[in-house]
Amino acid sequence: MAATRAITIASNSTCTLLRKKPFVGGTALSLNNLKFGRTRRSYTCRAIYNPQIVVKEEGQPETLDYRVFFVDQSGKKVSPWHDIPLRSGDDIFNFIVEIPKESSAKMEVATDEAFTPIKQDTKKGKLRYYPYNIHWNYGLLPQTWEDPSFANSEVEGALGDNDPVDVVEIGERQGKIGEVLKVKPLGALAMIDEGELDWKIVAISLDDPRASLVNDVNDVEKHFPGTLTAIRDWFRDYKIPDGKPANKFGLGNQAANKEYALKVITETNESWNKLIKRSIPAGELSLA
C-alpha cells in the first residue's frame, strides 16, 4: 500500500511550504490572505482567516504512483489549480512550485486527475526527466488556462496548450514542490512548442533580496544580466537531446514587458473562468 506522509507547519509571510529537501517528507502551509474555494465574481484574495492547507504525499518519490495532494483542515482534498486564488494583491500573484530550481524531475499538476495533484510526468510509461537541471523555480499560476481552441493572432496563430500558465521564478532561493509563493510578473516569453502556444511568465518572489529592484523586463537585464537569454535558450533547446526540434518563440524572439505579461495572465484567467463554468468543453480535464 502506498505510503502517505503529512507534516503541518505555519508560514507567516510569503505563502510558503518549507521542506528540507525535495521529495522528502510532507508539509503543510498556512496561506495568509487566501480564501479557498471558487468564487464566481472575483478571485482576489481576502484576509478573512488563515486556512491551513496540508501538502500530503502519497506513494514513493520518483515512482509512477507518487502524488502530492493539497488537503484542507477538514481533510478534504482541494485543487492547487482551481482552488488556490490567482491574485494576492495589486499585480501580485500566487505561484505554485512544481519543479525546484537545480532539479531535473519533470513534475507537473495532473490536470486530468481528480483534485489535480502534482506528479512526475511520464512518457511511454516511464518517468520523465529533463536532460539537465532547470536553473529557476518552475511551476504554474493557479486559475489560468491556455485555451486550445483559441488561435492567438499575435503569436503566429498558435493555439493554447491546454494547461495552466507556466512561471519561471528567478529568485535566488530554491523552492520546494508544492510551495506557494507570492510573485510579481516581470515579462513574458511566447514559446511555441510543436505548434502550441506555451506562455512562460518571468517573475520574482517577493521575498527575494532583489525583488524591490526589478519591476519590469528591462530591470531583469540590469540586475539579473543574461537571465532572459538563458531562460529562452534553455526552453528552446531542452528537447533537442531527445531528438526533437528546438522550440520557437513568438513576439520577435524577445521577452515582452510586464504590461504584456499582465495581459496574458488576465486573458488566461478569463479562459479558466469559462472553463470552470463549463462554458467551454473541458474534455479530459478535471474540474474538481
# chains A, B, ... in the order shown; residues from 1 in each chain; ligands from 1
>>> residues_around(residues="Ala211 of chain A", least_positions_apart="2", cutoff="12 Å", atoms="only C-alpha atoms", output="list in words")
Glu169, Ile170, Gly171, Glu172, Lys182, Val183, Lys184, Pro185, Leu186, Ala203, Ile204, Ser205, Leu206, Asp207, Asp208, Pro209, Leu213, Val214, Asn215, Asp216, Asp219, Val220, His223 and Phe224 of chain A
>>> residues_around(residues="Thr266 of chain A", least_positions_apart="4", cutoff="12 Å", atoms="only C-alpha atoms", output="count of residues only")
20
>>> atom_distance(atom1="atom CA of Asp90 of chain A", atom2="atom CA of Leu251 of chain A")
25.9 Å
>>> atom_distance(atom1="atom CA of Ala288 of chain A", atom2="atom CA of Glu113 of chain A")
8.5 Å
>>> select_by_dssp(residues="segment 82-288 of chain A", states="helix (DSSP H, G or I)", output="ChimeraX atom specification")
/A:211-213,217-223,227-237,240-242,251-253,258-276
>>> atom_distance(atom1="atom CA of Val71 of chain A", atom2="atom CA of Lys101 of chain A")
24.7 Å
>>> select_by_dssp(residues="segment 69-189 of chain A", states="strand (DSSP E)", output="ChimeraX atom specification")
/A:69-71,77-78,87-89,92-99,103-105,107-109,118-120,122-123,126-127,129-134,137-140,151-152,158-160,166-169,180-189
>>> closest_residue(among="A:Ala110, A:Val54, A:Pro61, A:Asn133", to="Tyr238 of chain A", atoms="only C-alpha atoms")
A:Asn133
>>> closest_residue(among="A:Gly59, A:Gly125, A:Gly160, A:Gly139", to="Glu267 of chain A", atoms="only C-alpha atoms")
A:Gly160
>>> closest_residue(among="A:Gly178, A:Pro281, A:Pro131, A:Gly250", to="Pro100 of chain A", atoms="only C-alpha atoms")
A:Gly178
>>> closest_residue(among="A:Tyr130, A:Trp234, A:Tyr138, A:Phe249", to="Leu189 of chain A", atoms="only C-alpha atoms")
A:Phe249
>>> closest_residue(among="A:Pro117, A:Gly195, A:Gly187, A:Pro85", to="Pro148 of chain A", atoms="only C-alpha atoms")
A:Gly195
>>> residues_around(residues="Val109 of chain A", least_positions_apart="5", cutoff="10 Å", atoms="only C-alpha atoms", output="ChimeraX atom specification")
/A:67-69,79-81,96-98,115-121,139-140,163-164,178
>>> write_last_selection(atoms="C-alpha atoms", output="PDB file, in the first residue's frame")
ATOM      1  CA  ARG A  67       1.301  12.211  -5.918  1.00  0.00           C
ATOM      2  CA  VAL A  68       1.385  15.461  -3.940  1.00  0.00           C
ATOM      3  CA  PHE A  69      -2.135  16.436  -2.858  1.00  0.00           C
ATOM      4  CA  SER A  79      -7.070  21.514  -6.217  1.00  0.00           C
ATOM      5  CA  PRO A  80      -3.892  23.599  -6.492  1.00  0.00           C
ATOM      6  CA  TRP A  81      -5.050  24.588  -9.977  1.00  0.00           C
ATOM      7  CA  ILE A  96       2.838  27.111  -7.170  1.00  0.00           C
ATOM      8  CA  VAL A  97       6.247  25.483  -7.448  1.00  0.00           C
ATOM      9  CA  GLU A  98       6.203  22.235  -9.395  1.00  0.00           C
ATOM     10  CA  PHE A 115      -8.014  17.360  -7.397  1.00  0.00           C
ATOM     11  CA  THR A 116      -5.125  17.848  -9.854  1.00  0.00           C
ATOM     12  CA  PRO A 117      -2.248  16.662  -7.632  1.00  0.00           C
ATOM     13  CA  ILE A 118       1.373  17.255  -8.565  1.00  0.00           C
ATOM     14  CA  LYS A 119       3.007  14.188 -10.094  1.00  0.00           C
ATOM     15  CA  GLN A 120       6.018  13.323 -12.206  1.00  0.00           C
ATOM     16  CA  ASP A 121       5.239  13.384 -15.911  1.00  0.00           C
ATOM     17  CA  GLY A 139       5.539  25.997 -11.886  1.00  0.00           C
ATOM     18  CA  LEU A 140       2.106  27.424 -12.586  1.00  0.00           C
ATOM     19  CA  ASP A 163      -2.536  23.791 -19.449  1.00  0.00           C
ATOM     20  CA  PRO A 164      -2.273  26.460 -16.760  1.00  0.00           C
ATOM     21  CA  GLY A 178       4.015  22.373  -3.686  1.00  0.00           C
TER      22      GLY A 178
END
